[in-house]
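Enquirer: The following file, start.cif, comprises mmCIF, C-alpha atoms:
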```cif
data_run
#
loop_
_atom_site.label_atom_id
_atom_site.label_comp_id
_atom_site.auth_asym_id
_atom_site.auth_seq_id
_atom_site.Cartn_x
_atom_site.Cartn_y
_atom_site.Cartn_z
CA GLU A 1 2.82 8.02 18.63
CA ALA A 2 2.28 4.81 16.68
CA GLN A 3 4.33 4.94 13.53
CA VAL A 4 6.49 3.27 10.93
CA THR A 5 9.75 5.06 10.23
CA GLN A 6 12.06 4.67 7.25
CA ASN A 7 15.53 5.98 6.59
CA PRO A 8 16.76 7.53 4.49
CA ARG A 9 13.86 9.37 2.89
CA TYR A 10 15.85 10.16 -0.24
CA LEU A 11 18.88 8.39 -1.67
CA ILE A 12 20.85 8.79 -4.87
CA THR A 13 23.45 6.12 -5.50
CA VAL A 14 25.43 4.46 -8.28
CA THR A 15 25.07 1.06 -9.84
CA GLY A 16 26.59 -1.70 -7.75
CA LYS A 17 27.04 0.16 -4.49
CA LYS A 18 25.40 -1.82 -1.69
CA LEU A 19 22.78 0.02 0.32
CA THR A 20 20.34 -0.60 3.16
CA VAL A 21 17.02 1.10 3.80
CA THR A 22 15.94 0.78 7.41
CA CYS A 23 12.39 0.30 8.64
CA SER A 24 11.20 0.35 12.21
CA GLN A 25 7.76 0.16 13.85
CA ASN A 26 6.77 0.84 17.45
CA MET A 27 3.42 -0.97 17.51
CA ASN A 28 4.67 -4.48 18.34
CA HIS A 29 3.32 -5.68 15.00
CA GLU A 30 4.07 -9.20 13.88
CA TYR A 31 3.72 -8.62 10.14
CA MET A 32 6.01 -6.36 8.15
CA SER A 33 6.36 -5.88 4.44
CA TRP A 34 8.20 -3.93 1.76
CA TYR A 35 6.55 -2.51 -1.35
CA ARG A 36 7.79 -0.56 -4.32
CA GLN A 37 5.65 2.01 -6.09
CA ASP A 38 6.09 2.71 -9.78
CA PRO A 39 3.95 4.93 -12.04
CA GLY A 40 1.05 3.05 -13.61
CA LEU A 41 1.79 -0.11 -11.60
CA GLY A 42 0.55 0.78 -8.13
CA LEU A 43 2.41 -0.86 -5.26
CA ARG A 44 3.97 -4.29 -5.55
CA GLN A 45 5.17 -6.39 -2.66
CA ILE A 46 8.89 -7.18 -2.53
CA TYR A 47 9.27 -9.23 0.67
CA TYR A 48 7.28 -9.82 3.80
CA SER A 49 7.82 -11.20 7.28
CA MET A 50 5.25 -12.87 9.48
CA ASN A 51 7.42 -12.71 12.58
CA VAL A 52 11.03 -12.68 13.79
CA GLU A 53 13.26 -14.86 11.62
CA VAL A 54 10.37 -15.62 9.24
CA THR A 55 10.61 -13.94 5.84
CA ASP A 56 9.28 -14.78 2.39
CA LYS A 57 9.28 -13.46 -1.15
CA GLY A 58 6.57 -11.24 -2.49
CA ASP A 59 5.83 -10.55 -6.14
CA VAL A 60 9.06 -8.75 -7.12
CA PRO A 61 11.91 -10.03 -4.88
CA GLU A 62 14.74 -10.13 -7.46
CA GLY A 63 17.69 -7.99 -6.45
CA TYR A 64 16.56 -7.49 -2.85
CA LYS A 65 17.26 -9.09 0.51
CA VAL A 66 15.65 -8.63 3.89
CA SER A 67 16.20 -9.77 7.47
CA ARG A 68 14.04 -9.80 10.60
CA LYS A 69 16.25 -10.25 13.64
CA GLU A 70 14.09 -8.11 15.90
CA LYS A 71 10.34 -7.68 15.86
CA ARG A 72 10.48 -3.91 15.35
CA ASN A 73 13.02 -3.75 12.50
CA PHE A 74 12.84 -4.96 8.91
CA PRO A 75 15.68 -3.57 6.75
CA LEU A 76 15.69 -3.81 2.96
CA ILE A 77 19.08 -4.56 1.42
CA LEU A 78 20.13 -3.97 -2.18
CA GLU A 79 23.42 -5.84 -2.59
CA SER A 80 24.14 -4.50 -6.08
CA PRO A 81 21.60 -1.84 -7.07
CA SER A 82 20.74 -1.35 -10.71
CA PRO A 83 18.88 1.50 -12.46
CA ASN A 84 15.68 -0.59 -12.73
CA GLN A 85 15.49 -0.44 -8.93
CA THR A 86 14.94 3.30 -9.07
CA SER A 87 11.58 3.61 -7.35
CA LEU A 88 9.64 4.78 -4.31
CA TYR A 89 9.81 2.23 -1.50
CA PHE A 90 7.37 1.77 1.35
CA CYS A 91 7.63 -0.29 4.49
CA ALA A 92 4.40 -1.38 6.14
CA SER A 93 3.37 -3.27 9.26
CA SER A 94 0.21 -4.80 10.64
CA LEU A 95 -0.87 -6.56 13.79
CA SER A 96 -0.85 -9.99 12.21
CA THR A 97 -1.19 -11.82 8.95
CA GLY A 98 -4.46 -12.40 7.19
CA GLY A 99 -6.50 -10.03 5.16
CA LEU A 100 -8.41 -8.29 7.92
CA TYR A 101 -5.79 -6.09 9.51
CA GLU A 102 -4.99 -2.54 8.54
CA GLN A 103 -1.46 -2.04 7.26
CA TYR A 104 0.41 1.03 8.50
CA PHE A 105 2.81 2.55 6.02
CA GLY A 106 6.02 4.47 6.48
CA PRO A 107 6.59 7.80 4.70
CA GLY A 108 8.53 6.27 1.82
CA THR A 109 12.11 6.23 0.54
CA ARG A 110 12.78 7.63 -2.89
CA LEU A 111 15.74 5.79 -4.40
CA THR A 112 17.55 6.80 -7.58
CA VAL A 113 20.21 4.48 -9.00
CA THR A 114 22.40 6.01 -11.73
CA GLY B 1 -4.39 -14.72 -9.89
CA ASN B 2 -5.92 -11.91 -7.88
CA SER B 3 -5.92 -8.43 -9.37
CA VAL B 4 -7.42 -4.96 -8.97
CA THR B 5 -8.31 -2.50 -11.73
CA GLN B 6 -9.05 1.16 -11.10
CA MET B 7 -10.24 3.92 -13.37
CA GLU B 8 -7.39 5.93 -14.80
CA GLY B 9 -6.63 9.41 -13.62
CA PRO B 10 -6.06 12.15 -13.16
CA VAL B 11 -9.55 13.12 -12.10
CA THR B 12 -10.13 16.86 -11.77
CA LEU B 13 -13.21 18.16 -9.96
CA SER B 14 -14.49 21.42 -8.60
CA GLU B 15 -15.06 21.77 -4.88
CA GLU B 16 -18.42 20.31 -3.73
CA ALA B 17 -18.69 18.05 -6.78
CA PHE B 18 -19.67 14.39 -6.50
CA LEU B 19 -16.83 11.88 -6.70
CA THR B 20 -16.82 8.33 -8.00
CA ILE B 21 -13.64 6.31 -8.52
CA ASN B 22 -14.33 2.92 -10.01
CA CYS B 23 -12.61 -0.23 -8.77
CA THR B 24 -13.17 -3.80 -9.87
CA TYR B 25 -11.35 -6.90 -8.72
CA THR B 26 -10.62 -10.47 -9.65
CA ALA B 27 -10.17 -12.95 -6.83
CA THR B 28 -10.35 -16.69 -6.42
CA GLY B 29 -11.27 -16.61 -2.76
CA TYR B 30 -13.19 -14.21 -0.50
CA PRO B 31 -11.03 -11.13 -0.23
CA SER B 32 -11.23 -8.12 2.03
CA LEU B 33 -11.32 -4.85 0.12
CA PHE B 34 -9.66 -1.56 1.01
CA TRP B 35 -9.27 2.00 -0.12
CA TYR B 36 -5.98 3.65 0.81
CA VAL B 37 -5.17 7.33 0.29
CA GLN B 38 -1.77 8.88 -0.33
CA TYR B 39 -1.43 12.61 0.28
CA PRO B 40 1.47 14.39 -1.43
CA GLY B 41 4.83 13.40 0.04
CA GLU B 42 3.34 10.93 2.50
CA GLY B 43 2.84 7.21 2.89
CA LEU B 44 -0.46 5.45 2.38
CA GLN B 45 -3.23 5.62 4.97
CA LEU B 46 -6.22 3.36 5.25
CA LEU B 47 -9.36 5.25 4.24
CA LEU B 48 -11.96 2.52 4.58
CA LYS B 49 -12.42 -1.23 4.29
CA ALA B 50 -15.04 -3.94 3.85
CA THR B 51 -14.51 -7.57 4.72
CA LYS B 52 -17.50 -9.35 3.22
CA ALA B 53 -20.11 -9.01 0.52
CA ASP B 54 -22.62 -6.14 0.93
CA ASP B 55 -20.52 -4.49 3.66
CA LYS B 56 -20.24 -0.74 3.34
CA GLY B 57 -17.06 0.94 4.48
CA SER B 58 -17.18 4.63 5.33
CA ASN B 59 -14.86 7.32 6.66
CA LYS B 60 -14.49 11.11 6.34
CA GLY B 61 -17.54 11.27 4.04
CA PHE B 62 -16.21 8.60 1.69
CA GLU B 63 -18.12 5.37 1.14
CA ALA B 64 -17.66 2.13 -0.76
CA THR B 65 -19.83 -0.99 -0.90
CA TYR B 66 -18.47 -4.50 -1.44
CA ARG B 67 -20.45 -5.83 -4.43
CA LYS B 68 -19.69 -9.49 -5.00
CA GLU B 69 -22.09 -9.83 -7.93
CA THR B 70 -20.28 -7.14 -9.91
CA THR B 71 -16.86 -7.68 -8.23
CA SER B 72 -16.68 -3.96 -7.54
CA PHE B 73 -15.77 -1.59 -4.71
CA HIS B 74 -16.35 1.90 -6.08
CA LEU B 75 -15.34 4.87 -3.94
CA GLU B 76 -17.84 7.73 -3.61
CA LYS B 77 -18.08 11.07 -1.85
CA GLY B 78 -20.98 13.44 -2.11
CA SER B 79 -19.07 16.71 -1.87
CA VAL B 80 -15.31 16.84 -2.31
CA GLN B 81 -13.02 19.44 -0.78
CA VAL B 82 -9.66 20.78 -1.89
CA SER B 83 -8.10 18.84 0.99
CA ASP B 84 -9.26 15.58 -0.64
CA SER B 85 -6.68 16.04 -3.41
CA ALA B 86 -4.54 12.90 -3.24
CA VAL B 87 -3.90 9.56 -4.92
CA TYR B 88 -6.44 6.85 -4.08
CA PHE B 89 -5.59 3.16 -4.21
CA CYS B 90 -8.04 0.30 -4.23
CA ALA B 91 -6.62 -2.93 -2.82
CA LEU B 92 -7.60 -6.42 -1.87
CA SER B 93 -6.24 -8.93 0.58
CA ASP B 94 -7.01 -12.61 0.56
CA TYR B 95 -6.77 -14.44 3.87
CA ASN B 96 -5.34 -17.47 2.10
CA GLN B 97 -2.42 -15.38 0.87
CA GLY B 98 -1.43 -13.98 4.22
CA GLY B 99 -1.28 -10.25 4.63
CA LYS B 100 -0.32 -9.34 1.09
CA LEU B 101 -2.15 -6.36 -0.32
CA ILE B 102 -2.74 -6.32 -4.07
CA PHE B 103 -3.12 -2.76 -5.27
CA GLY B 104 -4.69 -1.11 -8.25
CA GLN B 105 -2.58 1.40 -10.13
CA GLY B 106 -3.93 4.39 -8.20
CA THR B 107 -6.14 7.29 -9.25
CA GLU B 108 -4.97 10.84 -8.77
CA LEU B 109 -7.69 13.27 -7.67
CA SER B 110 -7.28 17.02 -7.96
CA VAL B 111 -9.97 19.27 -6.47
CA LYS B 112 -10.03 22.91 -7.56
CA PRO B 113 -11.55 25.72 -5.45
#
```
What do you get writing this file as C-alpha coordinates?

Expert:
Amino acid sequence: EAQVTQNPRYLITVTGKKLTVTCSQNMNHEYMSWYRQDPGLGLRQIYYSMNVEVTDKGDVPEGYKVSRKEKRNFPLILESPSPNQTSLYFCASSLSTGGLYEQYFGPGTRLTVT
Amino acid sequence: GNSVTQMEGPVTLSEEAFLTINCTYTATGYPSLFWYVQYPGEGLQLLLKATKADDKGSNKGFEATYRKETTSFHLEKGSVQVSDSAVYFCALSDYNQGGKLIFGQGTELSVKP
(Lines of atoms letter the chains of each structure in order from A and count residues from 1; the text may use other names and numbers.)
(Lines give C-alpha, C1' and ligand atoms only; values in the text may rest on other atoms or scores of the structure.)
Protein backbone atom coordinates (compact mmCIF):
# COMPACT_ATOMS: atom_id res chain seq x y z
CA GLU A 1 0.00 0.00 0.00
CA ALA A 2 1.33 3.41 -1.00
CA GLN A 3 1.71 5.52 2.10
CA VAL A 4 3.58 8.08 4.12
CA THR A 5 4.29 7.04 7.69
CA GLN A 6 5.26 9.23 10.63
CA ASN A 7 6.46 8.36 14.10
CA PRO A 8 5.61 9.01 16.78
CA ARG A 9 1.97 9.97 16.37
CA TYR A 10 1.85 11.72 19.74
CA LEU A 11 4.69 13.20 21.76
CA ILE A 12 4.82 15.22 24.96
CA THR A 13 8.23 16.61 25.84
CA VAL A 14 9.91 19.36 27.83
CA THR A 15 11.61 22.51 26.68
CA GLY A 16 15.13 21.93 25.40
CA LYS A 17 15.04 18.17 25.03
CA LYS A 18 16.11 17.24 21.50
CA LEU A 19 13.66 15.16 19.52
CA THR A 20 13.27 13.65 16.06
CA VAL A 21 10.07 12.92 14.18
CA THR A 22 10.58 10.34 11.46
CA CYS A 23 8.91 10.31 8.06
CA SER A 24 9.09 7.59 5.46
CA GLN A 25 7.40 7.06 2.09
CA ASN A 26 7.28 3.93 -0.06
CA MET A 27 6.34 5.53 -3.39
CA ASN A 28 9.84 6.43 -4.61
CA HIS A 29 8.86 10.10 -4.53
CA GLU A 30 11.49 12.73 -5.15
CA TYR A 31 9.82 15.57 -3.28
CA MET A 32 9.20 15.55 0.46
CA SER A 33 8.05 18.28 2.78
CA TRP A 34 7.17 19.08 6.38
CA TYR A 35 4.22 21.24 7.41
CA ARG A 36 2.86 22.40 10.71
CA GLN A 37 -0.84 22.96 11.29
CA ASP A 38 -2.06 25.54 13.77
CA PRO A 39 -5.65 26.67 14.42
CA GLY A 40 -6.70 29.56 12.19
CA LEU A 41 -3.45 29.41 10.19
CA GLY A 42 -3.93 26.35 8.02
CA LEU A 43 -0.75 24.46 7.15
CA ARG A 44 2.59 26.18 6.75
CA GLN A 45 5.65 24.65 5.17
CA ILE A 46 8.70 24.19 7.41
CA TYR A 47 11.27 22.55 5.10
CA TYR A 48 11.23 20.69 1.84
CA SER A 49 13.52 18.44 -0.16
CA MET A 50 13.60 18.04 -3.92
CA ASN A 51 15.79 14.95 -3.80
CA VAL A 52 18.49 13.19 -1.78
CA GLU A 53 20.88 15.66 -0.16
CA VAL A 54 18.84 18.62 -1.44
CA THR A 55 16.88 20.50 1.22
CA ASP A 56 15.63 24.05 1.56
CA LYS A 57 13.72 26.28 3.94
CA GLY A 58 10.01 26.77 3.73
CA ASP A 59 8.02 29.57 5.33
CA VAL A 60 8.62 28.76 9.02
CA PRO A 61 12.02 27.00 9.35
CA GLU A 62 13.24 28.59 12.61
CA GLY A 63 13.98 26.02 15.28
CA TYR A 64 13.90 23.03 12.94
CA LYS A 65 16.41 20.94 11.01
CA VAL A 66 15.97 18.25 8.40
CA SER A 67 18.12 15.79 6.48
CA ARG A 68 17.59 13.67 3.37
CA LYS A 69 20.21 10.95 3.25
CA GLU A 70 17.92 8.41 1.61
CA LYS A 71 15.13 8.98 -0.86
CA ARG A 72 12.45 7.39 1.33
CA ASN A 73 13.23 9.14 4.64
CA PHE A 74 12.95 12.77 5.69
CA PRO A 75 13.26 13.23 9.48
CA LEU A 76 12.37 16.47 11.24
CA ILE A 77 14.71 17.44 14.08
CA LEU A 78 13.99 19.87 16.90
CA GLU A 79 17.35 20.52 18.56
CA SER A 80 15.92 22.54 21.45
CA PRO A 81 12.12 22.48 21.40
CA SER A 82 10.18 25.40 22.82
CA PRO A 83 6.48 25.73 23.73
CA ASN A 84 5.75 27.71 20.53
CA GLN A 85 6.58 24.54 18.59
CA THR A 86 3.57 22.80 20.09
CA SER A 87 1.61 21.91 16.97
CA LEU A 88 0.36 19.20 14.64
CA TYR A 89 3.04 18.20 12.14
CA PHE A 90 2.54 16.59 8.75
CA CYS A 91 5.02 15.04 6.39
CA ALA A 92 4.11 14.92 2.71
CA SER A 93 5.61 13.56 -0.49
CA SER A 94 4.97 13.88 -4.19
CA LEU A 95 6.36 12.44 -7.38
CA SER A 96 8.32 15.54 -8.25
CA THR A 97 8.47 19.26 -7.79
CA GLY A 98 6.23 21.69 -9.56
CA GLY A 99 2.65 22.54 -8.87
CA LEU A 100 0.95 19.75 -10.76
CA TYR A 101 1.59 16.73 -8.59
CA GLU A 102 -0.62 15.50 -5.81
CA GLN A 103 1.00 15.55 -2.39
CA TYR A 104 0.45 12.53 -0.15
CA PHE A 105 0.28 13.27 3.54
CA GLY A 106 1.20 11.22 6.56
CA PRO A 107 -1.24 10.82 9.47
CA GLY A 108 0.30 13.59 11.54
CA THR A 109 2.34 13.92 14.74
CA ARG A 110 0.84 15.88 17.60
CA LEU A 111 3.67 17.47 19.58
CA THR A 112 3.28 19.19 22.94
CA VAL A 113 6.25 21.03 24.43
CA THR A 114 5.88 22.02 28.10
CA GLY B 1 3.12 36.98 -2.22
CA ASN B 2 0.71 34.16 -2.95
CA SER B 3 -2.13 33.56 -0.53
CA VAL B 4 -5.42 31.71 -0.11
CA THR B 5 -8.49 32.87 1.81
CA GLN B 6 -11.36 30.58 2.75
CA MET B 7 -14.70 31.24 4.35
CA GLU B 8 -14.62 30.78 8.09
CA GLY B 9 -16.22 27.81 9.75
CA PRO B 10 -17.62 25.87 11.28
CA VAL B 11 -20.30 25.21 8.71
CA THR B 12 -23.20 23.08 9.95
CA LEU B 13 -25.64 21.55 7.46
CA SER B 14 -28.37 18.97 7.46
CA GLU B 15 -27.95 15.84 5.39
CA GLU B 16 -28.84 16.37 1.69
CA ALA B 17 -28.30 20.13 1.90
CA PHE B 18 -26.31 22.03 -0.74
CA LEU B 19 -22.74 22.92 0.20
CA THR B 20 -20.63 25.86 -0.89
CA ILE B 21 -17.26 26.69 0.67
CA ASN B 22 -15.78 29.86 -0.74
CA CYS B 23 -12.09 30.13 -1.64
CA THR B 24 -10.28 33.04 -3.24
CA TYR B 25 -6.60 33.34 -4.01
CA THR B 26 -3.89 35.84 -4.77
CA ALA B 27 -1.08 34.72 -7.03
CA THR B 28 1.52 36.40 -9.18
CA GLY B 29 1.88 33.52 -11.61
CA TYR B 30 -0.44 30.80 -12.95
CA PRO B 31 -1.08 28.50 -10.02
CA SER B 32 -2.68 25.10 -9.81
CA LEU B 33 -5.54 24.97 -7.35
CA PHE B 34 -6.49 22.16 -4.99
CA TRP B 35 -9.03 21.13 -2.41
CA TYR B 36 -7.75 18.81 0.30
CA VAL B 37 -9.92 17.13 2.93
CA GLN B 38 -8.92 16.13 6.45
CA TYR B 39 -11.13 13.59 8.21
CA PRO B 40 -10.93 13.46 12.01
CA GLY B 41 -7.61 12.07 13.23
CA GLU B 42 -6.19 11.65 9.74
CA GLY B 43 -3.81 13.40 7.37
CA LEU B 44 -4.92 15.42 4.39
CA GLN B 45 -6.14 13.77 1.20
CA LEU B 46 -6.46 15.35 -2.20
CA LEU B 47 -10.14 15.85 -3.04
CA LEU B 48 -9.86 17.55 -6.42
CA LYS B 49 -7.64 19.85 -8.43
CA ALA B 50 -7.60 22.19 -11.42
CA THR B 51 -4.48 23.27 -13.23
CA LYS B 52 -5.63 26.07 -15.52
CA ALA B 53 -8.34 28.66 -15.91
CA ASP B 54 -11.89 27.32 -16.52
CA ASP B 55 -10.89 23.77 -15.55
CA LYS B 56 -13.41 22.00 -13.37
CA GLY B 57 -12.16 19.52 -10.82
CA SER B 58 -14.58 16.90 -9.52
CA ASN B 59 -14.54 13.91 -7.20
CA LYS B 60 -17.02 12.10 -4.92
CA GLY B 61 -19.79 14.54 -5.92
CA PHE B 62 -17.71 17.61 -5.10
CA GLU B 63 -16.88 20.16 -7.77
CA ALA B 64 -14.84 23.34 -8.09
CA THR B 65 -14.15 25.54 -11.10
CA TYR B 66 -10.95 27.56 -11.56
CA ARG B 67 -12.17 31.13 -12.16
CA LYS B 68 -9.28 33.37 -13.12
CA GLU B 69 -11.44 36.47 -13.57
CA THR B 70 -12.67 36.30 -9.98
CA THR B 71 -9.57 34.49 -8.60
CA SER B 72 -11.84 31.93 -7.00
CA PHE B 73 -12.11 28.16 -6.59
CA HIS B 74 -15.30 27.57 -4.63
CA LEU B 75 -16.11 24.03 -3.51
CA GLU B 76 -19.66 22.78 -4.08
CA LYS B 77 -21.65 19.61 -3.50
CA GLY B 78 -25.29 19.18 -4.31
CA SER B 79 -26.25 16.87 -1.45
CA VAL B 80 -23.98 16.38 1.54
CA GLN B 81 -23.85 13.27 3.70
CA VAL B 82 -22.87 12.78 7.33
CA SER B 83 -19.68 11.10 6.09
CA ASP B 84 -18.63 14.41 4.47
CA SER B 85 -18.02 15.91 7.91
CA ALA B 86 -14.37 16.98 7.84
CA VAL B 87 -12.09 19.99 7.50
CA TYR B 88 -11.64 21.26 3.94
CA PHE B 89 -8.54 23.13 2.82
CA CYS B 90 -8.18 25.17 -0.33
CA ALA B 91 -4.60 25.40 -1.57
CA LEU B 92 -2.55 26.67 -4.44
CA SER B 93 0.78 25.69 -5.89
CA ASP B 94 2.83 27.80 -8.24
CA TYR B 95 5.18 25.98 -10.58
CA ASN B 96 7.75 28.74 -10.16
CA GLN B 97 7.88 28.06 -6.43
CA GLY B 98 8.50 24.35 -6.68
CA GLY B 99 6.11 22.01 -4.95
CA LYS B 100 5.13 24.25 -2.08
CA LEU B 101 1.44 24.23 -1.25
CA ILE B 102 -0.02 27.42 0.19
CA PHE B 103 -3.09 26.61 2.24
CA GLY B 104 -6.10 28.53 3.38
CA GLN B 105 -6.98 28.31 7.06
CA GLY B 106 -9.41 25.43 6.59
CA THR B 107 -13.19 25.22 6.92
CA GLU B 108 -14.76 22.72 9.26
CA LEU B 109 -17.94 21.10 7.94
CA SER B 110 -20.36 19.27 10.20
CA VAL B 111 -23.29 17.42 8.63
CA LYS B 112 -26.18 16.41 10.89
CA PRO B 113 -28.55 13.51 10.13

Enquirer: Just the residues within 8 Å of B:Ser85, please, counting all atoms listed in the file, with nothing from its chain fewer than 4 positions along; format it as a list of chain:residue names.

Expert: B:Tyr39, B:Gln81, B:Glu108, B:Leu109, B:Ser110, B:Val111

Enquirer: For the file shown, report as a PDB file with C-alpha atoms, in the frame of the given file the outcome of the PyMOL selection byres ((chain B) within 8 of (chain A)) at residue level.

Expert:
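Written output follows (expr_24.pdb):
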```
ATOM      1  CA  PRO B  31     -11.030 -11.130  -0.230  1.00  0.00           C
ATOM      2  CA  SER B  32     -11.230  -8.120   2.030  1.00  0.00           C
ATOM      3  CA  GLY B  41       4.830  13.400   0.040  1.00  0.00           C
ATOM      4  CA  GLU B  42       3.340  10.930   2.500  1.00  0.00           C
ATOM      5  CA  GLY B  43       2.840   7.210   2.890  1.00  0.00           C
ATOM      6  CA  LEU B  44      -0.460   5.450   2.380  1.00  0.00           C
ATOM      7  CA  GLN B  45      -3.230   5.620   4.970  1.00  0.00           C
ATOM      8  CA  LEU B  46      -6.220   3.360   5.250  1.00  0.00           C
ATOM      9  CA  THR B  51     -14.510  -7.570   4.720  1.00  0.00           C
ATOM     10  CA  PHE B  89      -5.590   3.160  -4.210  1.00  0.00           C
ATOM     11  CA  LEU B  92      -7.600  -6.420  -1.870  1.00  0.00           C
ATOM     12  CA  SER B  93      -6.240  -8.930   0.580  1.00  0.00           C
ATOM     13  CA  ASP B  94      -7.010 -12.610   0.560  1.00  0.00           C
ATOM     14  CA  TYR B  95      -6.770 -14.440   3.870  1.00  0.00           C
ATOM     15  CA  ASN B  96      -5.340 -17.470   2.100  1.00  0.00           C
ATOM     16  CA  GLN B  97      -2.420 -15.380   0.870  1.00  0.00           C
ATOM     17  CA  GLY B  98      -1.430 -13.980   4.220  1.00  0.00           C
ATOM     18  CA  GLY B  99      -1.280 -10.250   4.630  1.00  0.00           C
ATOM     19  CA  LYS B 100      -0.320  -9.340   1.090  1.00  0.00           C
ATOM     20  CA  LEU B 101      -2.150  -6.360  -0.320  1.00  0.00           C
ATOM     21  CA  ILE B 102      -2.740  -6.320  -4.070  1.00  0.00           C
ATOM     22  CA  PHE B 103      -3.120  -2.760  -5.270  1.00  0.00           C
ATOM     23  CA  GLY B 104      -4.690  -1.110  -8.250  1.00  0.00           C
ATOM     24  CA  GLN B 105      -2.580   1.400 -10.130  1.00  0.00           C
ATOM     25  CA  GLY B 106      -3.930   4.390  -8.200  1.00  0.00           C
TER      26      GLY B 106
END
```

Enquirer: Nearest to A:Asn26 among A:Thr112, A:Asn7, A:Gln85, A:Asn73, with distances taken over all atoms listed in the file: which residue is it?

Expert: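 Of all the options, A:Asn73 lies closest to A:Asn26.
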
Enquirer: List the neighbours of A:Ser67 out to 10 Å using all atoms listed in the file; skip same-chain residues closer than 2 positions along the sequence, and give me the result as number ranges by chain.

Expert: A: 47-49, 52-56, 65, 69-70, 73-77

Enquirer: Please compute the atom CA of B:Thr12-atom CA of B:Gln38 distance, one decimal, in Å.

Expert: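 Separating atom CA of B:Thr12 from atom CA of B:Gln38 is a distance of 16.3 Å.
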
Enquirer: Can you list what the PyMOL selection byres ((chain B and resi 2-9) around 6) grabs from this structure, as a PyMOL selection string?

Expert: chain B and resi 1+10-11+22-27+104+107-108

Enquirer: Restricting it to C-alpha atoms, dump the selection as a CSV table (one decimal), keeping the file's coordinate frame.

Expert:
```csv
chain,number,residue,atom,x,y,z
B,1,GLY,CA,-4.4,-14.7,-9.9
B,10,PRO,CA,-6.1,12.2,-13.2
B,11,VAL,CA,-9.6,13.1,-12.1
B,22,ASN,CA,-14.3,2.9,-10.0
B,23,CYS,CA,-12.6,-0.2,-8.8
B,24,THR,CA,-13.2,-3.8,-9.9
B,25,TYR,CA,-11.4,-6.9,-8.7
B,26,THR,CA,-10.6,-10.5,-9.6
B,27,ALA,CA,-10.2,-13.0,-6.8
B,104,GLY,CA,-4.7,-1.1,-8.2
B,107,THR,CA,-6.1,7.3,-9.2
B,108,GLU,CA,-5.0,10.8,-8.8
```

Enquirer: Running the PyMOL selection byres ((chain B and resi 35) around 8) on this model by hand, what would come out? Give it as a PyMOL selection string.

Expert: chain B and resi 33-34+36-37+46-49+75+88-91

Enquirer: What gap, in Å, lies between atom CA of B:Pro40 and atom CA of A:Tyr64?

Expert: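 Between atom CA of B:Pro40 and atom CA of A:Tyr64 the gap works out to 26.6 Å.
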
Enquirer: Build an axis-aligned box that encloses every atom of stretch 24-37 of chain A listed in the file, pad it by 3 Å on each side, and report its centre and edge lengths in Å to one decimal, as lines of an AutoDock Vina configuration file.

Expert:
```
center_x = 7.3
center_y = -3.6
center_z = 6.1
size_x = 13.9
size_y = 17.2
size_z = 30.4
```

Enquirer: Grab the atom CA of A:Glu62 to atom CA of A:Ile46 distance for me, in Å with one decimal place.

Expert: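 These atoms are spaced 8.2 Å apart.
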
Enquirer: Select, from A:Leu78, A:Asn84, A:Ala2, A:Arg72, the residue with the minimum atom-to-atom distance to A:Cys23, counting all atoms listed in the file.

Expert: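 The closest residue to A:Cys23 is A:Arg72.
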
Enquirer: Near A:Gly16, within 10 Å and counting only C-alpha atoms, which residues show up once chain neighbours fewer than 5 positions away are dropped, as a count of residues only?

Expert: 8

Enquirer: If we count all atoms listed in the file and set the cut-off at 8 Å, which residues sit around B:Lys77, ignoring sequence neighbours fewer than 4 positions away in its own chain? Please answer as JSON, numbers by chain.

Expert: {"B": [18, 19, 20, 61, 62, 63]}

Enquirer: Using all atoms listed in the file, find the one residue out of B:Ala53, B:Ala86, B:Leu13, B:Ile21 that sits nearest to B:Arg67.

Expert: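 Nearest candidate to B:Arg67 out of B:Ala53, B:Ala86, B:Leu13, B:Ile21: B:Ala53.
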